Amino acid sequence: MLQSGPPPGRETSNASPPPAAAPAGTGQVAPQAPAANPQTGLVGNLMVMAPLLIMGALFFFMSRGEKKKRAQLESQLKKGDRVVTRSGLIGTVAALGDRTARVEVAPGVTVTMLKGAIEGLDGGDTVSSGKPGDEKEKPKDDEKPSTEAKKKK
């Protein structure tokens, strides 16, 4: 009842003929037919991997500059520097370790964080109109403007 033939849904007209079998008892191996798809060899693998290798090289070379800047910043940090963290906290470096730094964010409040979380040195807040010598002092958050400053306005 079993029929020999191609599986259902496959046409026999597109199928390649089976390789010729060597005569029995001769000990010879029948020659293999060449691959139907020429992209299966080394060239095909390189065509697939080339874009991946290019993207990997780009990521590697682009991140080198950032790593150099980060290493330079971490080596220049010293106790007493005013720094800005990635989360936006501004504080003063109280102590430095190999991987960590203790940053004082408020009087008496120190936070231990990784050096990598420090974004850079704080440049400070300056309010200027662009003319030299025309800088106005900005009152601190906890100070009220003086009465002289109110009269000028």
# chains A, B, ... in the order shown; residues from 1 in each chain; ligands from 1
call {"tool": "select_by_dssp", "arguments": {"residues": "region 59-131 of chain A", "states": "strand (DSSP E or B)", "output": "JSON, numbers by chain"}}
result
{"A": [82, 83, 84, 85, 90, 91, 92, 93, 94, 95, 96, 100, 101, 102, 103, 104, 105, 106, 109, 110, 111, 112, 113, 114, 118, 119, 120, 121]}
call {"tool": "residues_around", "arguments": {"residues": "region 111-119 of chain A", "least_positions_apart": "3", "cutoff": "8 Å", "atoms": "only C-alpha atoms", "output": "compact mmCIF listing (two decimals) with N, CA and C atoms, in the first residue's frame"}}
result
# COMPACT_ATOMS: atom_id res chain seq x y z
N ARG A 70 36.31 59.72 29.87
CA ARG A 70 35.89 59.24 31.19
C ARG A 70 37.11 58.97 32.07
N GLU A 74 38.06 60.91 35.58
CA GLU A 74 38.24 60.18 36.84
C GLU A 74 39.63 60.38 37.41
N VAL A 83 31.10 68.70 41.66
CA VAL A 83 30.78 67.83 40.53
C VAL A 83 29.28 67.74 40.30
N VAL A 84 28.93 67.31 39.08
CA VAL A 84 27.53 67.04 38.71
C VAL A 84 27.43 65.56 38.39
N THR A 85 26.40 64.90 38.93
CA THR A 85 26.22 63.48 38.66
C THR A 85 25.27 63.29 37.49
N ARG A 86 25.18 62.07 37.01
CA ARG A 86 24.27 61.78 35.88
C ARG A 86 22.82 62.00 36.26
N SER A 87 22.51 61.87 37.52
CA SER A 87 21.12 62.07 37.94
C SER A 87 20.81 63.54 38.19
N ARG A 99 36.96 52.64 42.95
CA ARG A 99 35.75 52.62 42.10
C ARG A 99 34.73 53.65 42.52
N THR A 100 34.78 54.10 43.77
CA THR A 100 33.72 54.93 44.31
C THR A 100 34.21 56.30 44.71
N ALA A 101 33.25 57.18 44.90
CA ALA A 101 33.53 58.52 45.41
C ALA A 101 32.44 58.87 46.41
N ARG A 102 32.82 59.56 47.48
CA ARG A 102 31.83 60.05 48.44
C ARG A 102 31.60 61.51 48.13
N VAL A 103 30.35 61.85 47.83
CA VAL A 103 29.99 63.20 47.42
C VAL A 103 29.06 63.80 48.47
N GLU A 104 29.40 64.98 48.94
CA GLU A 104 28.56 65.68 49.90
C GLU A 104 27.57 66.54 49.11
N VAL A 105 26.27 66.17 49.19
CA VAL A 105 25.24 66.87 48.43
C VAL A 105 24.56 67.96 49.24
call {"tool": "atom_distance", "arguments": {"atom1": "CA of Gly124 (chain A)", "atom2": "CA of Glu66 (chain A)"}}
result
23.4 Å
call {"tool": "closest_residue", "arguments": {"among": "A:Ile90, A:Val43, A:Val109, A:Leu96", "to": "Gln76 (chain A)", "atoms": "only C-alpha atoms"}}
result
A:Leu96
call {"tool": "atom_distance", "arguments": {"atom1": "CA of Pro107 (chain A)", "atom2": "CA of Ala94 (chain A)"}}
result
11.3 Å
call {"tool": "atom_distance", "arguments": {"atom1": "CA of Leu77 (chain A)", "atom2": "CA of Gly120 (chain A)"}}
result
9.1 Å
